[in-house]
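For reference, entry04.txt (compact mmCIF, C-alpha atoms and all ligand atoms):
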# COMPACT_ATOMS: atom_id res chain seq x y z
CA MET A 1271 0.15 32.50 61.78
CA SER A 1272 -3.53 31.92 62.25
CA ARG A 1273 -6.35 30.57 60.14
CA PHE A 1274 -8.25 33.73 61.02
CA TRP A 1275 -5.81 36.00 59.14
CA SER A 1276 -6.81 37.64 55.86
CA PRO A 1277 -4.72 36.14 53.05
CA VAL A 1278 -2.70 39.33 52.52
CA VAL A 1279 -1.42 39.24 56.12
CA HIS A 1280 0.50 36.03 55.37
CA SER A 1281 2.52 37.79 52.68
CA LEU A 1282 3.40 40.93 54.67
CA ILE A 1283 6.98 41.63 55.65
CA PRO A 1284 6.42 44.47 58.15
CA TYR A 1285 8.83 47.36 58.44
CA VAL A 1286 10.93 47.24 61.61
CA ALA A 1287 11.15 50.69 63.19
CA GLY A 1288 14.39 51.81 64.83
CA GLU A 1289 14.67 50.97 68.49
CA GLN A 1290 13.28 53.38 71.12
CA PRO A 1291 15.22 52.03 74.12
CA ALA A 1292 14.13 52.28 77.72
CA MET A 1293 17.74 52.71 78.95
CA SER A 1294 18.93 56.17 79.92
CA ASP A 1295 22.43 57.59 79.53
CA ILE A 1296 22.80 56.56 75.93
CA ALA A 1297 23.76 58.47 72.81
CA LYS A 1298 20.72 57.75 70.68
CA LEU A 1299 21.94 58.11 67.12
CA ASN A 1300 19.71 55.45 65.54
CA THR A 1301 16.47 57.04 64.30
CA ASN A 1302 17.38 60.43 62.84
CA GLU A 1303 15.48 62.49 65.37
CA ASN A 1304 16.42 66.11 65.94
CA PRO A 1305 18.79 66.32 68.94
CA TYR A 1306 17.68 69.88 69.72
CA GLY A 1307 13.96 69.16 70.19
CA PRO A 1308 11.16 71.32 68.80
CA SER A 1309 10.78 75.10 68.82
CA PRO A 1310 9.75 76.39 72.28
CA LEU A 1311 6.90 78.20 70.52
CA ALA A 1312 5.53 74.81 69.41
CA LEU A 1313 5.62 73.55 73.00
CA GLU A 1314 3.86 76.69 74.18
CA ALA A 1315 1.15 76.32 71.53
CA ILE A 1316 0.59 72.69 72.53
CA SER A 1317 0.29 73.65 76.22
CA LYS A 1318 -2.27 76.31 75.33
CA ALA A 1319 -4.24 73.78 73.29
CA VAL A 1320 -4.53 71.52 76.36
CA SER A 1321 -7.96 72.82 77.33
CA ASP A 1322 -11.64 72.08 77.42
CA THR A 1323 -11.69 72.29 73.61
CA LEU A 1324 -10.24 68.74 73.58
CA ARG A 1325 -13.82 67.50 73.94
CA LEU A 1326 -14.38 68.70 70.37
CA TYR A 1327 -13.19 66.81 67.30
CA PRO A 1328 -10.27 68.46 65.50
CA ASP A 1329 -10.68 70.17 62.15
CA PRO A 1330 -10.96 67.21 59.73
CA THR A 1331 -9.35 69.30 56.99
CA ALA A 1332 -6.40 70.63 59.10
CA ARG A 1333 -7.12 73.96 57.41
CA GLY A 1334 -4.81 76.18 59.48
CA LEU A 1335 -1.74 74.03 58.95
CA ARG A 1336 -2.40 73.55 55.25
CA ALA A 1337 -2.77 77.30 54.84
CA ALA A 1338 0.48 77.99 56.72
CA ILE A 1339 2.45 75.51 54.60
CA ALA A 1340 0.85 76.64 51.34
CA ALA A 1341 1.57 80.30 52.09
CA SER A 1342 5.31 79.60 52.36
CA TYR A 1343 5.37 78.41 48.75
CA GLY A 1344 2.79 80.78 47.23
CA LEU A 1345 0.40 77.84 46.85
CA ASP A 1346 -3.24 77.32 47.74
CA LYS A 1347 -4.12 75.33 50.87
CA ASP A 1348 -5.98 72.85 48.63
CA GLU A 1349 -2.62 71.87 47.15
CA VAL A 1350 -1.47 70.55 50.56
CA PHE A 1351 -2.44 67.28 52.24
CA ILE A 1352 -1.75 66.54 55.94
CA GLY A 1353 -1.21 63.15 57.55
CA ASN A 1354 -0.23 61.50 60.81
CA GLY A 1355 3.48 61.46 60.05
CA SER A 1356 4.78 61.23 56.51
CA ASP A 1357 4.55 57.44 56.87
CA GLU A 1358 0.77 57.81 56.81
CA VAL A 1359 0.92 60.32 53.94
CA LEU A 1360 3.06 57.78 52.06
CA ALA A 1361 0.70 54.92 52.90
CA HIS A 1362 -2.22 56.88 51.44
CA THR A 1363 -0.06 57.82 48.45
CA PHE A 1364 0.81 54.20 47.68
CA GLN A 1365 -2.85 53.27 47.78
CA ALA A 1366 -4.23 56.34 46.00
CA LEU A 1367 -1.60 57.07 43.35
CA LEU A 1368 0.99 54.32 42.93
CA ASN A 1369 -1.08 51.20 42.30
CA HIS A 1370 -1.18 50.70 38.53
CA GLU A 1371 -0.94 47.84 36.08
CA GLU A 1372 2.73 48.43 35.37
CA PRO A 1373 5.22 48.18 38.24
CA LEU A 1374 6.14 51.01 40.57
CA LEU A 1375 9.85 51.88 40.37
CA PHE A 1376 12.09 52.79 43.30
CA PRO A 1377 15.80 52.37 44.11
CA ASP A 1378 17.05 48.99 45.32
CA ILE A 1379 18.61 50.71 48.32
CA THR A 1380 16.02 53.07 49.77
CA TYR A 1381 13.44 53.59 52.52
CA SER A 1382 12.46 50.05 53.45
CA PHE A 1383 8.83 51.00 54.00
CA TYR A 1384 8.29 51.13 50.21
CA PRO A 1385 8.28 47.36 49.54
CA THR A 1386 6.23 46.91 52.72
CA TYR A 1387 3.47 49.21 51.42
CA CYS A 1388 3.61 47.44 48.05
CA ARG A 1389 2.93 44.09 49.71
CA LEU A 1390 0.17 45.57 51.86
CA TYR A 1391 -1.65 47.07 48.90
CA GLY A 1392 -0.75 44.42 46.30
CA ILE A 1393 1.35 46.83 44.20
CA GLU A 1394 3.80 45.38 41.67
CA PHE A 1395 7.23 46.95 42.03
CA ARG A 1396 10.62 46.87 40.33
CA GLU A 1397 13.76 47.98 42.14
CA VAL A 1398 16.28 50.02 40.16
CA ALA A 1399 19.90 49.49 41.21
CA LEU A 1400 21.91 52.43 42.52
CA ASP A 1401 25.08 53.06 40.50
CA ALA A 1402 28.59 52.06 41.58
CA ARG A 1403 28.86 55.19 43.76
CA MET A 1404 25.50 54.40 45.43
CA ARG A 1405 23.75 57.21 43.57
CA VAL A 1406 20.35 57.29 41.90
CA ARG A 1407 20.85 57.70 38.12
CA VAL A 1408 17.72 59.15 36.55
CA ALA A 1409 18.62 57.64 33.16
CA ASP A 1410 18.05 54.20 34.71
CA TYR A 1411 14.38 55.11 35.24
CA ARG A 1412 13.79 55.45 31.47
CA GLN A 1413 11.67 52.31 31.33
CA SER A 1414 7.99 51.63 31.21
CA CYS A 1415 6.41 51.79 34.65
CA GLY A 1416 3.22 52.66 36.51
CA ALA A 1417 4.76 55.32 38.77
CA ILE A 1418 8.04 56.26 40.50
CA ILE A 1419 8.97 57.06 44.11
CA LEU A 1420 12.34 58.29 45.35
CA PRO A 1421 13.53 59.85 48.56
CA ASN A 1422 15.64 62.95 47.96
CA PRO A 1423 18.07 62.84 49.71
CA ASN A 1424 17.95 59.06 49.49
CA ALA A 1425 17.79 57.00 52.68
CA PRO A 1426 19.82 55.42 54.12
CA THR A 1427 22.63 56.66 51.85
CA GLY A 1428 21.96 60.37 52.53
CA ILE A 1429 22.98 61.25 48.97
CA GLY A 1430 20.96 64.07 47.38
CA LEU A 1431 19.96 64.44 43.74
CA PRO A 1432 20.19 67.88 42.09
CA ILE A 1433 16.81 69.43 41.35
CA ALA A 1434 17.62 69.36 37.61
CA ASP A 1435 17.69 65.54 37.78
CA ILE A 1436 14.35 65.46 39.60
CA GLU A 1437 12.87 67.73 36.95
CA THR A 1438 14.21 65.46 34.19
CA LEU A 1439 12.58 62.46 35.83
CA VAL A 1440 9.23 64.24 36.20
CA ARG A 1441 9.37 65.59 32.60
CA GLU A 1442 10.31 62.22 31.12
CA HIS A 1443 7.29 60.50 32.74
CA PRO A 1444 4.40 62.86 32.02
CA GLU A 1445 1.83 60.06 32.29
CA GLN A 1446 3.14 58.64 35.57
CA VAL A 1447 3.01 60.06 39.08
CA VAL A 1448 6.48 60.81 40.44
CA VAL A 1449 6.64 61.06 44.24
CA ILE A 1450 9.63 62.72 45.87
CA ASP A 1451 9.94 61.85 49.57
CA GLU A 1452 11.78 64.80 51.09
CA ALA A 1453 11.98 63.64 54.72
CA TYR A 1454 15.58 64.91 54.93
CA VAL A 1455 15.61 67.72 52.37
CA ASP A 1456 16.10 70.56 54.86
CA PHE A 1457 19.63 69.44 55.71
CA GLY A 1458 21.17 70.43 52.39
CA GLY A 1459 18.95 68.93 49.70
CA GLU A 1460 17.00 70.82 47.04
CA SER A 1461 13.21 70.70 47.36
CA ALA A 1462 11.01 69.96 44.36
CA ILE A 1463 8.06 71.90 45.84
CA PRO A 1464 8.73 74.92 43.55
CA LEU A 1465 8.11 72.58 40.56
CA VAL A 1466 4.67 71.47 41.72
CA ARG A 1467 2.70 74.12 39.80
CA LYS A 1468 4.59 73.25 36.61
CA TYR A 1469 4.05 69.47 36.66
CA ARG A 1470 0.69 67.85 37.25
CA ASN A 1471 2.36 64.46 37.88
CA LEU A 1472 4.65 65.57 40.75
CA LEU A 1473 3.86 64.95 44.43
CA VAL A 1474 6.32 66.04 47.12
CA VAL A 1475 6.14 64.60 50.65
CA GLN A 1476 7.77 66.16 53.74
CA THR A 1477 7.74 65.60 57.50
CA PHE A 1478 7.90 67.53 60.78
CA SER A 1479 9.88 64.67 62.36
CA LYS A 1480 13.39 65.74 61.39
CA SER A 1481 14.13 69.42 60.73
CA ARG A 1482 11.20 70.55 62.93
CA GLY A 1483 12.12 68.23 65.83
CA LEU A 1484 8.60 66.83 66.21
CA ALA A 1485 8.89 63.09 65.53
CA GLY A 1486 6.79 62.41 68.63
CA LEU A 1487 3.90 64.52 67.38
CA ARG A 1488 3.48 62.68 64.04
CA VAL A 1489 2.90 65.19 61.25
CA GLY A 1490 3.72 64.91 57.57
CA PHE A 1491 2.38 66.54 54.43
CA ALA A 1492 2.23 66.25 50.67
CA VAL A 1493 2.19 69.04 48.11
CA GLY A 1494 0.84 68.61 44.60
CA GLN A 1495 -1.78 69.74 42.13
CA ARG A 1496 -5.45 69.34 43.04
CA PRO A 1497 -6.21 66.00 41.32
CA LEU A 1498 -3.36 64.28 43.20
CA ILE A 1499 -4.38 65.82 46.54
CA GLU A 1500 -8.00 64.89 45.92
CA ALA A 1501 -7.03 61.23 45.51
CA LEU A 1502 -5.24 61.34 48.89
CA GLU A 1503 -8.27 62.99 50.51
CA ARG A 1504 -10.55 60.26 49.17
CA VAL A 1505 -8.39 57.55 50.70
CA LYS A 1506 -8.04 59.44 53.99
CA ASP A 1507 -11.77 60.04 54.28
CA SER A 1508 -12.39 56.34 53.65
CA PHE A 1509 -9.99 55.44 56.45
CA ASN A 1510 -9.92 58.07 59.22
CA SER A 1511 -11.26 61.51 58.45
CA TYR A 1512 -9.24 63.24 61.22
CA PRO A 1513 -5.65 63.29 60.03
CA ILE A 1514 -4.20 64.95 63.14
CA ASP A 1515 -5.47 65.90 66.59
CA ARG A 1516 -5.94 69.36 68.10
CA LEU A 1517 -2.64 69.40 70.01
CA THR A 1518 -0.69 68.31 66.96
CA LEU A 1519 -2.35 70.91 64.79
CA ALA A 1520 -1.48 73.70 67.25
CA GLY A 1521 2.12 72.52 67.69
CA ALA A 1522 2.75 72.00 64.00
CA ILE A 1523 1.49 75.46 63.00
CA ALA A 1524 3.68 77.13 65.63
CA ALA A 1525 6.70 75.02 64.59
CA TRP A 1526 6.17 75.87 60.92
CA GLU A 1527 6.00 79.57 61.70
CA ASP A 1528 9.14 79.64 63.85
CA ARG A 1529 11.44 80.14 60.89
CA ASP A 1530 14.26 81.41 63.10
CA TRP A 1531 14.41 78.23 65.23
CA PHE A 1532 14.27 76.10 62.10
CA GLU A 1533 17.12 77.93 60.33
CA ARG A 1534 19.38 77.99 63.40
CA HIS A 1535 19.01 74.32 64.24
CA ARG A 1536 19.30 72.91 60.76
CA ALA A 1537 22.51 74.93 60.37
CA LEU A 1538 23.81 73.37 63.60
CA VAL A 1539 23.04 69.84 62.35
CA ILE A 1540 24.78 70.56 59.02
CA ALA A 1541 27.87 71.94 60.81
CA THR A 1542 28.06 68.91 63.15
CA ARG A 1543 27.65 66.57 60.17
CA GLY A 1544 30.68 68.17 58.51
CA ARG A 1545 32.80 67.75 61.62
CA LEU A 1546 31.62 64.17 62.21
CA GLY A 1547 32.35 63.15 58.60
CA ILE A 1548 35.93 64.39 58.82
CA ALA A 1549 36.50 62.68 62.18
CA LEU A 1550 35.07 59.37 60.89
CA GLN A 1551 37.36 59.50 57.86
CA ALA A 1552 40.32 60.02 60.17
CA LEU A 1553 39.27 56.82 61.98
CA GLY A 1554 39.36 54.84 58.71
CA PHE A 1555 35.72 55.11 57.59
CA VAL A 1556 34.46 55.61 54.05
CA VAL A 1557 31.72 58.23 54.47
CA LEU A 1558 29.14 58.82 51.72
CA PRO A 1559 28.47 62.49 50.96
CA SER A 1560 25.37 63.32 53.03
CA SER A 1561 22.68 65.94 52.52
CA ALA A 1562 20.66 64.52 55.43
CA ASN A 1563 20.71 64.57 59.25
CA PHE A 1564 22.73 61.36 59.30
CA VAL A 1565 25.86 59.91 57.72
CA PHE A 1566 26.20 56.49 56.12
CA ALA A 1567 29.68 55.15 56.72
CA ARG A 1568 31.63 51.90 56.44
CA HIS A 1569 34.91 51.08 58.14
CA ALA A 1570 37.70 50.01 55.80
CA SER A 1571 38.40 46.81 57.74
CA LYS A 1572 36.06 46.25 60.72
CA PRO A 1573 32.67 44.61 59.97
CA GLY A 1574 29.58 46.74 60.61
CA ALA A 1575 27.90 44.17 62.88
CA ASP A 1576 30.92 44.08 65.22
CA LEU A 1577 31.15 47.85 65.36
CA ALA A 1578 27.43 48.20 66.09
CA ALA A 1579 27.59 45.65 68.91
CA GLU A 1580 30.67 47.26 70.46
CA LEU A 1581 29.14 50.72 70.21
CA ARG A 1582 25.98 49.46 71.85
CA SER A 1583 27.90 48.00 74.77
CA ARG A 1584 29.33 51.51 75.25
CA GLY A 1585 25.86 53.08 75.22
CA VAL A 1586 25.93 54.40 71.66
CA LEU A 1587 23.03 53.33 69.41
CA ILE A 1588 23.32 53.55 65.62
CA ARG A 1589 21.35 51.79 62.88
CA ARG A 1590 22.36 49.03 60.49
CA PHE A 1591 20.50 47.54 57.52
CA SER A 1592 20.67 44.20 55.81
CA GLY A 1593 21.55 43.94 52.11
CA ALA A 1594 24.63 42.85 50.20
CA ARG A 1595 26.04 46.32 49.54
CA ILE A 1596 25.12 47.99 52.81
CA SER A 1597 25.39 45.50 55.66
CA ASP A 1598 28.78 46.87 56.70
CA PHE A 1599 27.53 50.44 56.78
CA LEU A 1600 26.52 52.27 59.94
CA ARG A 1601 23.82 54.91 59.67
CA ILE A 1602 24.66 57.46 62.29
CA SER A 1603 22.16 60.22 63.13
CA ILE A 1604 23.66 63.65 63.73
CA GLY A 1605 23.36 64.28 67.47
CA THR A 1606 24.52 67.14 69.66
CA ASP A 1607 28.25 67.89 69.75
CA ALA A 1608 28.46 65.95 73.04
CA GLU A 1609 26.75 62.88 71.54
CA CYS A 1610 29.03 62.93 68.52
CA ASP A 1611 32.07 63.24 70.78
CA ARG A 1612 30.86 60.22 72.75
CA LEU A 1613 30.47 58.22 69.52
CA LEU A 1614 33.94 59.22 68.32
CA ALA A 1615 35.54 58.39 71.68
CA ALA A 1616 33.84 54.97 71.65
CA LEU A 1617 35.01 54.28 68.08
CA ASP A 1618 38.51 55.40 68.95
CA ASP A 1619 38.51 52.93 71.83
CA ILE A 1620 37.07 50.07 69.71
CA LEU A 1621 39.45 50.59 66.78
CA ARG A 1622 42.59 51.19 68.82
N1 LIG B 1701 10.56 58.92 54.50
C1 LIG B 1701 11.81 58.55 54.81
C2 LIG B 1701 12.81 58.44 53.70
C3 LIG B 1701 12.18 58.30 56.14
O1 LIG B 1701 13.41 57.90 56.44
C4 LIG B 1701 11.21 58.45 57.16
C5 LIG B 1701 11.59 58.24 58.61
N2 LIG B 1701 11.72 56.94 59.01
C6 LIG B 1701 9.91 58.79 56.79
C7 LIG B 1701 9.62 59.05 55.47
C8 LIG B 1701 8.79 58.85 57.79
O2 LIG B 1701 8.89 59.86 58.72
P1 LIG B 1701 7.65 60.28 59.61
O3 LIG B 1701 6.58 59.23 59.50
O4 LIG B 1701 8.20 60.42 60.97
O5 LIG B 1701 7.17 61.59 59.04

Turn the structure described in the file into structure tokens.
Ligand code: PMP
Amino acid sequence: MSRFWSPVVHSLIPYVAGEQPAMSDIAKLNTNENPYGPSPLALEAISKAVSDTLRLYPDPTARGLRAAIAASYGLDKDEVFIGNGSDEVLAHTFQALLNHEEPLLFPDITYSFYPTYCRLYGIEFREVALDARMRVRVADYRQSCGAIILPNPNAPTGIGLPIADIETLVREHPEQVVVIDEAYVDFGGESAIPLVRKYRNLLVVQTFSKSRGLAGLRVGFAVGQRPLIEALERVKDSFNSYPIDRLTLAGAIAAWEDRDWFERHRALVIATRGRLGIALQALGFVVLPSSANFVFARHASKPGADLAAELRSRGVLIRRFSGARISDFLRISIGTDAECDRLLAALDDILR
């Protein structure tokens, strides 16, 4: 604490990112990265972009990437916004679209960056409890509010909402912005992007960090009708008018266009998730149904903190969260088959 701090800094409760350890020989299953890395075509495009052109500023409008994303959905590039990771896209979204007189609604168990942004930008919020099965119930959002944000699939539960429920939510709040954070949608969720042309109040946010294997590059995007995108552009241009650098732009376009790599590797993650879920159940875990690149699981008798510590001492990193209903849960990212085998062998040893 310092007398030099702006008043808002005193009230911030910063988000704590998952650990990026310096140790080697670990199974790193704690931050939902893609175990297979990015498309080789993305790496090639980045290498090619390492040139004398780096003396020039990047395209402040990220035109090429917006056009590539828009084309996949039959949209116009002006309906796409690019940011430095979806965290930055979300930060701009909170400031540009979610700060109203009435409170912003989001689930009580969700991406823990949401309350952090609210404190940063002075946004009132109300948390809506998940139901007994840890699901989002759209009927619970039938209350007056300034806006709504939900991840689909939710994090850290991994549970996906059917697109019909998302559409109900968007239709029932025609005067509020509804933001769907689809960081994990490619692993079995249903994207709301096809609804964007139909609903002027819908904004969908996605990332290159998970299904495209490019967490280190930092690229995210939002899709929505022009007035919503324009609000994000105004905030961006008042903050940093270059959303991503030249290398990132080149890599992201190539990654987006390598459809074959994307399809093959997301299928691998989904298959490994199925196998891991069954094996965890056999070891006495309750495993929530996941549509993401992680599983959220609780052991029937052994506390989560003990399991996490014992896994760590065996070189296996997973993530835990605080909160009455979830502190015994482990969030386990889907790794390679070898990493999952290492986790299962460690658990077998611990629980024996
Ligand atoms: N939304 C959710 C629900 C997430 O879990 C994450 C990853 N921590 C993000 C957004 C941000 O991802 P990134 O900034 O890497 O795009």

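Counting all atoms listed in the file and comparing A:Pro1310, A:Pro1373, A:Pro1426, A:Gly1353, the residue that lies closest to Ser1592 (chain A) is A:Pro1426.
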
Practice problem: Check the smallest atom-to-atom distance from each of A:Glu1394, A:Val1586, A:Gly1416, A:Glu1372 to Ala1608 (chain A) using all atoms listed in the file, then report the winner. | Solution: A:Val1586

Can you work out which residues are within 9 Å of ligand LIG 1701 (chain B), considering all atoms listed in the file, and then hand them over as a compact mmCIF listing (two decimals) with C-alpha atoms, keeping the file's coordinate frame?
# COMPACT_ATOMS: atom_id res chain seq x y z
CA ALA A 1287 11.15 50.69 63.19
CA GLY A 1288 14.39 51.81 64.83
CA THR A 1301 16.47 57.04 64.30
CA ASN A 1302 17.38 60.43 62.84
CA GLU A 1303 15.48 62.49 65.37
CA GLY A 1353 -1.21 63.15 57.55
CA ASN A 1354 -0.23 61.50 60.81
CA GLY A 1355 3.48 61.46 60.05
CA SER A 1356 4.78 61.23 56.51
CA ASP A 1357 4.55 57.44 56.87
CA GLU A 1358 0.77 57.81 56.81
CA VAL A 1359 0.92 60.32 53.94
CA LEU A 1360 3.06 57.78 52.06
CA THR A 1380 16.02 53.07 49.77
CA TYR A 1381 13.44 53.59 52.52
CA SER A 1382 12.46 50.05 53.45
CA PHE A 1383 8.83 51.00 54.00
CA LEU A 1420 12.34 58.29 45.35
CA PRO A 1421 13.53 59.85 48.56
CA ASN A 1422 15.64 62.95 47.96
CA PRO A 1423 18.07 62.84 49.71
CA ASN A 1424 17.95 59.06 49.49
CA ALA A 1425 17.79 57.00 52.68
CA PRO A 1426 19.82 55.42 54.12
CA ASP A 1451 9.94 61.85 49.57
CA GLU A 1452 11.78 64.80 51.09
CA ALA A 1453 11.98 63.64 54.72
CA TYR A 1454 15.58 64.91 54.93
CA VAL A 1475 6.14 64.60 50.65
CA GLN A 1476 7.77 66.16 53.74
CA THR A 1477 7.74 65.60 57.50
CA PHE A 1478 7.90 67.53 60.78
CA SER A 1479 9.88 64.67 62.36
CA LYS A 1480 13.39 65.74 61.39
CA LEU A 1484 8.60 66.83 66.21
CA ALA A 1485 8.89 63.09 65.53
CA GLY A 1486 6.79 62.41 68.63
CA LEU A 1487 3.90 64.52 67.38
CA ARG A 1488 3.48 62.68 64.04
CA VAL A 1489 2.90 65.19 61.25
CA GLY A 1490 3.72 64.91 57.57
CA PHE A 1491 2.38 66.54 54.43

Quiz item: Counting all atoms listed in the file, which of A:Leu1400, A:Ile1602, A:Ala1434, A:Val1440 gets nearest to Ile1418 (chain A)?
Solution: A:Val1440

How big is the axis-aligned box around all listed atoms of region 1494-1512 of chain A once 6 Å goes on each side, and where's its centre, in Å to one decimal, as AutoDock Vina command-line options?
--center_x -5.8 --center_y 62.6 --center_z 51.3 --size_x 25.2 --size_y 26.3 --size_z 31.9

Quiz prompt | Point-to-point distance from CA of Ile1463 (chain A) to CA of Ala1312 (chain A), Å rounded to tenths | solution = 23.9 Å

Mind listing whatever residues come within 6 Å of the point (9.8, 48.4, 40.7)? Use all atoms listed in the file, file coordinates, and give them as a PDB file with C-alpha atoms, in the frame of the given file.
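Full text of part-v9.pdb as output:
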ATOM      1  CA  PRO A1373       5.220  48.180  38.240  1.00  0.00           C
ATOM      2  CA  LEU A1374       6.140  51.010  40.570  1.00  0.00           C
ATOM      3  CA  LEU A1375       9.850  51.880  40.370  1.00  0.00           C
ATOM      4  CA  PHE A1376      12.090  52.790  43.300  1.00  0.00           C
ATOM      5  CA  PHE A1395       7.230  46.950  42.030  1.00  0.00           C
ATOM      6  CA  ARG A1396      10.620  46.870  40.330  1.00  0.00           C
ATOM      7  CA  GLU A1397      13.760  47.980  42.140  1.00  0.00           C
TER       8      GLU A1397
END

Exercise. May I have the residues at most 12 Å from (24.0, 56.7, 40.1) in the file's coordinates, counting all atoms listed in the file, as a PyMOL selection string?
Key: chain A and resi 1377-1379+1398-1411+1424+1427+1429-1432+1435

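One distance worth recording is that between CA of Ala1552 (chain A) and CA of Phe1566 (chain A), which is 15.1 Å.
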
Practice problem: Grab the CA of Gly1494 (chain A) to CA of Arg1467 (chain A) distance for me, in Å with one decimal place. | Solution: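 The value is 7.5 Å.
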
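Minimum distance to His1569 (chain A) across A:Arg1536, A:Ile1316, A:Ile1620, A:Glu1609 (counting all atoms listed in the file) occurs at A:Ile1620.
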
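With distances restricted to all atoms listed in the file, A:Asp1515 is the closest residue to Arg1325 (chain A) from A:Asp1530, A:Asp1598, A:Asp1619, A:Asp1515.
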
Quiz item: Looking at A:Asn1300, A:Asn1369, A:Ser1317, A:Ser1511, which one is nearest to Val1565 (chain A), with distances taken over all atoms listed in the file?
Solution: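 Smallest distance to Val1565 (chain A) is found for A:Asn1300.
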
Practice problem: Tell me, as a PyMOL selection string, which residues lie within 12 Å of Met1293 (chain A), counting only C-alpha atoms; anything in the same chain fewer than 5 positions away does not count. | Solution: chain A and resi 1298+1582-1583+1585-1587

Tell me which protein, DNA and RNA residues are within 12 Å of Glu1314 (chain A), counting all atoms listed in the file, leaving out same-chain ones fewer than 2 positions away, and put them as a CSV table (one decimal) with C-alpha atoms, in the coordinates of the input.
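Listing of result.csv after writing:
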chain,number,residue,atom,x,y,z
A,1308,PRO,CA,11.2,71.3,68.8
A,1309,SER,CA,10.8,75.1,68.8
A,1310,PRO,CA,9.8,76.4,72.3
A,1311,LEU,CA,6.9,78.2,70.5
A,1312,ALA,CA,5.5,74.8,69.4
A,1316,ILE,CA,0.6,72.7,72.5
A,1317,SER,CA,0.3,73.6,76.2
A,1318,LYS,CA,-2.3,76.3,75.3
A,1319,ALA,CA,-4.2,73.8,73.3
A,1320,VAL,CA,-4.5,71.5,76.4
A,1517,LEU,CA,-2.6,69.4,70.0
A,1518,THR,CA,-0.7,68.3,67.0
A,1520,ALA,CA,-1.5,73.7,67.2
A,1521,GLY,CA,2.1,72.5,67.7
A,1522,ALA,CA,2.8,72.0,64.0
A,1523,ILE,CA,1.5,75.5,63.0
A,1524,ALA,CA,3.7,77.1,65.6
A,1525,ALA,CA,6.7,75.0,64.6
A,1528,ASP,CA,9.1,79.6,63.8

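Every protein or nucleic acid residue with an atom no more than 6 Å from Val1474 (chain A), counting all atoms listed in the file and leaving out same-chain residues fewer than 5 positions away, appears here: Val1449, Ile1450, Ala1492 and Val1493 of chain A.
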
Only C-alpha atoms, please: the residues just picked out, written as a JSON list (two decimals), keeping the file's coordinate frame.
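Resulting contents of again_6.json:
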[["chain", "number", "residue", "atom", "x", "y", "z"],
["A", 1449, "VAL", "CA", 6.64, 61.06, 44.24],
["A", 1450, "ILE", "CA", 9.63, 62.72, 45.87],
["A", 1492, "ALA", "CA", 2.23, 66.25, 50.67],
["A", 1493, "VAL", "CA", 2.19, 69.04, 48.11]]

For region 1338-1350 of chain A in the structure I just supplied, write out N, CA and C atoms - as a PDB file, in the first residue's frame.
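For reference, part29.pdb as written:
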ATOM      1  N   ALA A1338     -10.087 -12.963 -42.244  1.00  0.00           N
ATOM      2  CA  ALA A1338     -10.038 -14.436 -42.251  1.00  0.00           C
ATOM      3  C   ALA A1338     -11.100 -15.009 -41.312  1.00  0.00           C
ATOM      4  N   ILE A1339     -11.230 -14.425 -40.127  1.00  0.00           N
ATOM      5  CA  ILE A1339     -12.219 -14.932 -39.163  1.00  0.00           C
ATOM      6  C   ILE A1339     -13.630 -14.681 -39.698  1.00  0.00           C
ATOM      7  N   ALA A1340     -13.872 -13.467 -40.179  1.00  0.00           N
ATOM      8  CA  ALA A1340     -15.202 -13.112 -40.672  1.00  0.00           C
ATOM      9  C   ALA A1340     -15.626 -14.043 -41.807  1.00  0.00           C
ATOM     10  N   ALA A1341     -14.688 -14.345 -42.709  1.00  0.00           N
ATOM     11  CA  ALA A1341     -15.024 -15.171 -43.875  1.00  0.00           C
ATOM     12  C   ALA A1341     -15.531 -16.551 -43.444  1.00  0.00           C
ATOM     13  N   SER A1342     -14.994 -17.086 -42.354  1.00  0.00           N
ATOM     14  CA  SER A1342     -15.419 -18.421 -41.907  1.00  0.00           C
ATOM     15  C   SER A1342     -16.883 -18.450 -41.491  1.00  0.00           C
ATOM     16  N   TYR A1343     -17.423 -17.303 -41.131  1.00  0.00           N
ATOM     17  CA  TYR A1343     -18.813 -17.263 -40.647  1.00  0.00           C
ATOM     18  C   TYR A1343     -19.735 -16.507 -41.598  1.00  0.00           C
ATOM     19  N   GLY A1344     -19.242 -16.149 -42.784  1.00  0.00           N
ATOM     20  CA  GLY A1344     -20.050 -15.366 -43.720  1.00  0.00           C
ATOM     21  C   GLY A1344     -20.344 -13.975 -43.179  1.00  0.00           C
ATOM     22  N   LEU A1345     -19.424 -13.436 -42.380  1.00  0.00           N
ATOM     23  CA  LEU A1345     -19.618 -12.104 -41.798  1.00  0.00           C
ATOM     24  C   LEU A1345     -18.677 -11.114 -42.470  1.00  0.00           C
ATOM     25  N   ASP A1346     -18.843  -9.847 -42.109  1.00  0.00           N
ATOM     26  CA  ASP A1346     -17.981  -8.800 -42.622  1.00  0.00           C
ATOM     27  C   ASP A1346     -16.837  -8.582 -41.625  1.00  0.00           C
ATOM     28  N   LYS A1347     -15.665  -8.208 -42.101  1.00  0.00           N
ATOM     29  CA  LYS A1347     -14.533  -8.028 -41.177  1.00  0.00           C
ATOM     30  C   LYS A1347     -14.831  -6.964 -40.110  1.00  0.00           C
ATOM     31  N   ASP A1348     -15.731  -6.032 -40.422  1.00  0.00           N
ATOM     32  CA  ASP A1348     -16.072  -4.992 -39.438  1.00  0.00           C
ATOM     33  C   ASP A1348     -16.933  -5.520 -38.293  1.00  0.00           C
ATOM     34  N   GLU A1349     -17.319  -6.788 -38.382  1.00  0.00           N
ATOM     35  CA  GLU A1349     -18.068  -7.405 -37.279  1.00  0.00           C
ATOM     36  C   GLU A1349     -17.131  -8.217 -36.367  1.00  0.00           C
ATOM     37  N   VAL A1350     -15.828  -8.054 -36.567  1.00  0.00           N
ATOM     38  CA  VAL A1350     -14.833  -8.777 -35.761  1.00  0.00           C
ATOM     39  C   VAL A1350     -13.887  -7.770 -35.118  1.00  0.00           C
TER      40      VAL A1350
END
